[in-house]
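K.L.:
Please read through the structure below; I'll follow up with questions.
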Amino acid sequence: MTLIDLANPTKFLSLTGRVLPWLAGATAILLLVGLYQAAIAPDDYQQGATVKIMFIHVPNAWLSMFVWGVMSIAALGTLVWRHPLADVAAKAAAPIGAAFTFLALVTGSLWGRPMWGTYWEWDARLTSVLVLFLMYLGLMALWRAVDDPSRAARAAAVLTLVGAINLPIIKFSVDWWNTLHQPASVMRMGGPSLDKAFLIPLLVMAIGFSLLFVTLHLAAMRNEILRRRVRSLQMMQASQQAA
Amino acid sequence: MTAITALIRRDIKIALRVGGGALIGVLFFLTVTVLMPFAIGPDLALLTRLGPAILWLGALLASLLTLDRLFTADHEDGSLDLIVMGQTPLELACAAKALAHWLAAGVPLIVATPMLGLLLNLDGEATSAVALTLLVGTPALTFTGMIGAALAVTLHRGGLLLAVLVLPLSIPVLIFGVSASQAAITGPLAFGTPFSILCALSLVSLVVGPFAAAASLRHGLD
Amino acid sequence: MFSGLDFETASGEVLAVVGPNGSGKTSLLRLVAGLLVPAGGSIGLEGGETELTLPEQSHYLGHRDALKPALSVAENLSFWRDFLGGETGDVGPCLTAVGLGHATYLPAAYLSAGQRRRLSIARLLVVRRPVWLLDEPTSALDAAGQELCVGVMRDHLASGGIIVAATHAPLGIEARELRMGGGK
């Protein structure tokens with residue numbers, strides 16, 4: 001099974017149809033194990049139990065960027081290789097990426113509440129994620145603005161790639177903007193010196209969430225392929241004369 | 001009555017379907033609000049003080065920009081001719097279109113306000129004050145903006161010209177909307193005074209807007 | 001645009017407005033429809049409902065089809081039925097009559113130009129109005145569509161309706177001619 005075989009939507013549907021239940025099962029098991037490990041992990045001596053938000057927050061934050069990477073590769077697939085499923089993959093990934101980003105923002109602000117005393121601080125990291133969220137929403141709006149998916153695909157691909165180049169610049173400017181206005185006064189969590197008791201559940205959760213993304217993405221791609229089939233069937237039906 | 005509800009339902013459906021612009025307005029509102037702190041700095045105390053003004057400006061621009069196509073879309077596909085000819089008075093039809101636009105594009109702005117209030121460090125009371133003033137004030141924005149949208153059909157121009165025409169008209173709404181929210185947060189004015197004036201402005205625009213828009217449309221068709 | 005124009009037409013009759021491009025056929029129809037304000041003169045309907053104006057008793061079929069691509073075929077038609085005050089009922093028979101029965105629930109965006117034209121002709125059927133103002137009714141229609149259009153017009157005349165049609169091509173129906181342009 002190569003990438004060329006996968007280009008055929010019918011083969012893609014039958015293959016993913018067989019793989020999806022296993023993927024979903026593996027995702028569920030990993031997330032359950034991860035959550036259990038996170039629950040029995042010790043409290044942090046400074047933050048208490050709130051540190052456990054990290055087990056949800058970090059995988060989501062990581063995926064929020066990873067999904068943009070996936071979309072960028074798909075965008076290259078649309079523009080350079082003309083892979084027929086590339087724009088299906090790109091379109092299906094956008095709402096999932098937006099959802100992960102939104103969860104990262106929500107968990108980040110819930111985590112920030114006990115640390116900062118407010119739900120939202122214009123902290124450099126959170127702010128960059130917020131900008132990323134806006135870009136996801138803009139991309140989704142672009143997909144929604146045009147009924148014909150193949151017309152929207154190229155525009156969305158260009159925007160995705162520009163976003164991929166721009167995201168580090170945005171991140172850098174936000175950091176600069178933030179330090180310009182306030183020296184890092186907020187307490188930060190993380191760093192490489194994470195205790196093993198936290199690291200293992202975090203890794204399990206990260207893998208679990210990544211598998212969740214793969215599962216959701218494949219399912220959404222199947223939906224998108226079927227949606228396009230419905231669309232072309234409808235157009236065929238419209239063009240035939242009444243008997 | 002069937003005619004009016006049919007028009008409202010049609011416009012809301014179109015706004016919410018693929019290609020419709022209702023949700024883009026909310027996205028614009030969100031983006032404008034998020035941009036503000038980048039310009040004025042992340043100082044939470046400052047943002048709290050400016051919050052109502054930022055939210056009101058964002059809502060004003062968002063509701064104005066989505067109004068652009070209120071009549072031009074119907075003009076381009078010929079629907080406007082039939083709406084003008086119909087037995088429904090044109091004033092009522094205009095009011096119905098504006099109401100549909102407010103329901104599809106204005107109400108989501110108000111729903112989004114609490115989330116944006118969080119970003120601007122507004123507490124619960126301040127956020128609900130802003131949301132309440134927006135609930136009362138955005139109809140005035142839509143119904144005055146409608147006049148500009150009707151002129152856009154007459155003049156065959158939209159976009160920036162519309163903004164230039166309508167923005168000055170919405171100054172009173174902005175003044176009383178922001179001062180009512182500020183009054184609720186910091187005082188010293190009583191909340192009731194600017195809030196009642198805001199209500200009055202909305203009611204006036206509910207009457208004036210449809211008549212002005214209908215008059216402009218009647219003479220603007222060709 | 002033009003002056004010195006005087007014409008009348010009666011129940012059960014077609015008035016075909018003919019003339020070269022730019023002679024004011026469309027403007028004349030839009031004047032009758034009340035969409036243009038005449039510089040002088042008057043247009044009126046004798047008989048009919050006295051409460052209503054002439055435009056309110058007329059159907060106008062313009063160059064543009066007044067359809068929303070985002071709505072389905074049935075939604076488009078039932079909107080105009082409700083807005084123009086037709087009897088509530090199923091739009092199905094009217095769609096079948098214009099040969100769009102198979103497309104009832106499809107988005108109007110997927111229709112071809114001829115099918116869009118047929119859908120706007122269905123609007124004439126779904127709400128009853130005594131006066132029909134048709135601007136190039138057969139444009140974009142294929143042979144079958146033109147035949148259908150003529151059939152619809154005949155039925156309307158038989159029930160005592162009036163048709164004013166601007167046209168280049170012969171309508172395929174006996175009509176009194178009003179020639180525009182040239183001598184004015």
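Labels used: A, B, ... for chains in the order of the structure tokens, numbers from 1 for residues in each chain, and numbers from 1 for ligands as shown.
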Could you give me, as JSON lines, every chain B residue with an atom at most 8 Å from chain C, plus its closest atom pair and distance in Å to one decimal, counting only C-alpha atoms, rows ordered by chain then number?
P.N.:
```
{"residue": "B:Thr2", "atom": "CA", "partner": "C:Asp82", "partner_atom": "CA", "distance": 6.0}
{"residue": "B:Ala3", "atom": "CA", "partner": "C:Phe83", "partner_atom": "CA", "distance": 3.9}
{"residue": "B:Ile4", "atom": "CA", "partner": "C:Phe83", "partner_atom": "CA", "distance": 7.0}
{"residue": "B:Ala6", "atom": "CA", "partner": "C:Phe79", "partner_atom": "CA", "distance": 6.0}
{"residue": "B:Leu7", "atom": "CA", "partner": "C:Phe83", "partner_atom": "CA", "distance": 6.8}
{"residue": "B:Arg10", "atom": "CA", "partner": "C:Phe79", "partner_atom": "CA", "distance": 7.0}
{"residue": "B:Lys13", "atom": "CA", "partner": "C:Leu71", "partner_atom": "CA", "distance": 7.8}
{"residue": "B:Ile14", "atom": "CA", "partner": "C:Ala70", "partner_atom": "CA", "distance": 6.1}
{"residue": "B:Arg17", "atom": "CA", "partner": "C:Ala70", "partner_atom": "CA", "distance": 6.7}
{"residue": "B:Val18", "atom": "CA", "partner": "C:Ala70", "partner_atom": "CA", "distance": 7.0}
{"residue": "B:Gly19", "atom": "CA", "partner": "C:Ala70", "partner_atom": "CA", "distance": 7.6}
{"residue": "B:Asp74", "atom": "CA", "partner": "C:Ala66", "partner_atom": "CA", "distance": 7.6}
{"residue": "B:Glu76", "atom": "CA", "partner": "C:Arg64", "partner_atom": "CA", "distance": 7.9}
{"residue": "B:Asp77", "atom": "CA", "partner": "C:Ala66", "partner_atom": "CA", "distance": 4.9}
{"residue": "B:Gly78", "atom": "CA", "partner": "C:Ala66", "partner_atom": "CA", "distance": 4.6}
{"residue": "B:Ser79", "atom": "CA", "partner": "C:Ala66", "partner_atom": "CA", "distance": 4.3}
{"residue": "B:Leu80", "atom": "CA", "partner": "C:Ala66", "partner_atom": "CA", "distance": 7.9}
{"residue": "B:Asp81", "atom": "CA", "partner": "C:Leu35", "partner_atom": "CA", "distance": 6.9}
{"residue": "B:Leu82", "atom": "CA", "partner": "C:Tyr60", "partner_atom": "CA", "distance": 7.1}
{"residue": "B:Val84", "atom": "CA", "partner": "C:Leu35", "partner_atom": "CA", "distance": 7.6}
{"residue": "B:Met85", "atom": "CA", "partner": "C:Pro55", "partner_atom": "CA", "distance": 5.5}
{"residue": "B:Gly86", "atom": "CA", "partner": "C:Glu56", "partner_atom": "CA", "distance": 5.5}
{"residue": "B:Gln87", "atom": "CA", "partner": "C:Glu56", "partner_atom": "CA", "distance": 5.4}
{"residue": "B:Thr88", "atom": "CA", "partner": "C:Phe83", "partner_atom": "CA", "distance": 7.9}
{"residue": "B:Arg218", "atom": "CA", "partner": "C:Leu35", "partner_atom": "CA", "distance": 7.5}
{"residue": "B:His219", "atom": "CA", "partner": "C:Val37", "partner_atom": "CA", "distance": 7.9}
{"residue": "B:Leu221", "atom": "CA", "partner": "C:Leu35", "partner_atom": "CA", "distance": 6.5}
{"residue": "B:Asp222", "atom": "CA", "partner": "C:Leu36", "partner_atom": "CA", "distance": 6.4}
```
K.L.:
Where in chain C does DSSP assign strand (DSSP E or B), given as a ChimeraX atom specification?
P.N.:
/C:14-18,58-61,72,107,131-135,162-166,176-179
K.L.:
Once you count only C-alpha atoms, which residues of chain A turn out to be within 7 Å of chain C? Could you give them as a PyMOL selection string?
P.N.:
chain A and resi 234-235+237-238+242
K.L.:
What are the closest atom pairs, with distances in Å to one decimal, for all residues of chain A lying within 7 Å of chain B? Consider only C-alpha atoms, order rows by chain and residue number, and present the result as a tab-separated table.
P.N.:
```
residue	atom	partner	partner_atom	distance
A:Tyr119	CA	B:Leu118	CA	6.9
A:Trp120	CA	B:Leu119	CA	5.7
A:Trp122	CA	B:Pro42	CA	5.5
A:Leu134	CA	B:Thr31	CA	6.9
A:Ala141	CA	B:Ile24	CA	6.8
A:Arg144	CA	B:Val18	CA	5.4
A:Ala145	CA	B:Gly19	CA	4.1
A:Val146	CA	B:Gly19	CA	5.6
A:Asp147	CA	B:Val18	CA	6.3
A:His181	CA	B:Gly41	CA	6.4
```
K.L.:
Go ahead and dump the residues you just picked, N, CA, C and O atoms, as a CSV table (one decimal), in the first residue's frame.
P.N.:
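Dumped to selection29.csv:
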```csv
chain,number,residue,atom,x,y,z
A,119,TYR,N,-8.2,34.9,34.6
A,119,TYR,CA,-8.3,33.8,33.7
A,119,TYR,C,-7.4,34.0,32.5
A,119,TYR,O,-7.0,33.1,31.8
A,120,TRP,N,-7.2,35.3,32.2
A,120,TRP,CA,-6.4,35.6,31.0
A,120,TRP,C,-5.3,36.6,31.3
A,120,TRP,O,-5.5,37.6,32.0
A,122,TRP,N,-2.0,38.4,29.2
A,122,TRP,CA,-1.4,38.5,27.8
A,122,TRP,C,0.0,38.0,27.9
A,122,TRP,O,1.0,38.7,27.5
A,134,LEU,N,-6.9,32.2,15.9
A,134,LEU,CA,-7.6,33.1,15.0
A,134,LEU,C,-7.3,32.7,13.5
A,134,LEU,O,-8.1,32.8,12.7
A,141,ALA,N,-13.1,29.8,7.8
A,141,ALA,CA,-14.0,30.7,7.1
A,141,ALA,C,-13.7,30.7,5.6
A,141,ALA,O,-14.7,30.8,4.8
A,144,ARG,N,-15.3,27.7,4.1
A,144,ARG,CA,-16.7,27.8,4.1
A,144,ARG,C,-17.3,28.9,3.1
A,144,ARG,O,-18.4,28.9,2.8
A,145,ALA,N,-16.4,29.8,2.7
A,145,ALA,CA,-16.9,30.9,1.9
A,145,ALA,C,-17.2,30.4,0.5
A,145,ALA,O,-18.0,31.1,-0.2
A,146,VAL,N,-16.6,29.4,0.0
A,146,VAL,CA,-16.8,28.9,-1.4
A,146,VAL,C,-17.4,27.5,-1.3
A,146,VAL,O,-17.0,26.7,-0.6
A,147,ASP,N,-18.4,27.4,-2.2
A,147,ASP,CA,-19.1,26.1,-2.2
A,147,ASP,C,-18.3,25.0,-2.9
A,147,ASP,O,-18.3,23.8,-2.5
A,181,HIS,N,6.8,45.1,27.2
A,181,HIS,CA,5.9,45.7,28.1
A,181,HIS,C,6.0,45.3,29.6
A,181,HIS,O,5.8,46.0,30.5
```
K.L.:
Could you check how far CA of His57 in chain A sits from CA of Ile165 in chain A, in Å to one decimal?
P.N.:
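Here the two named atoms are 24.7 Å from each other.
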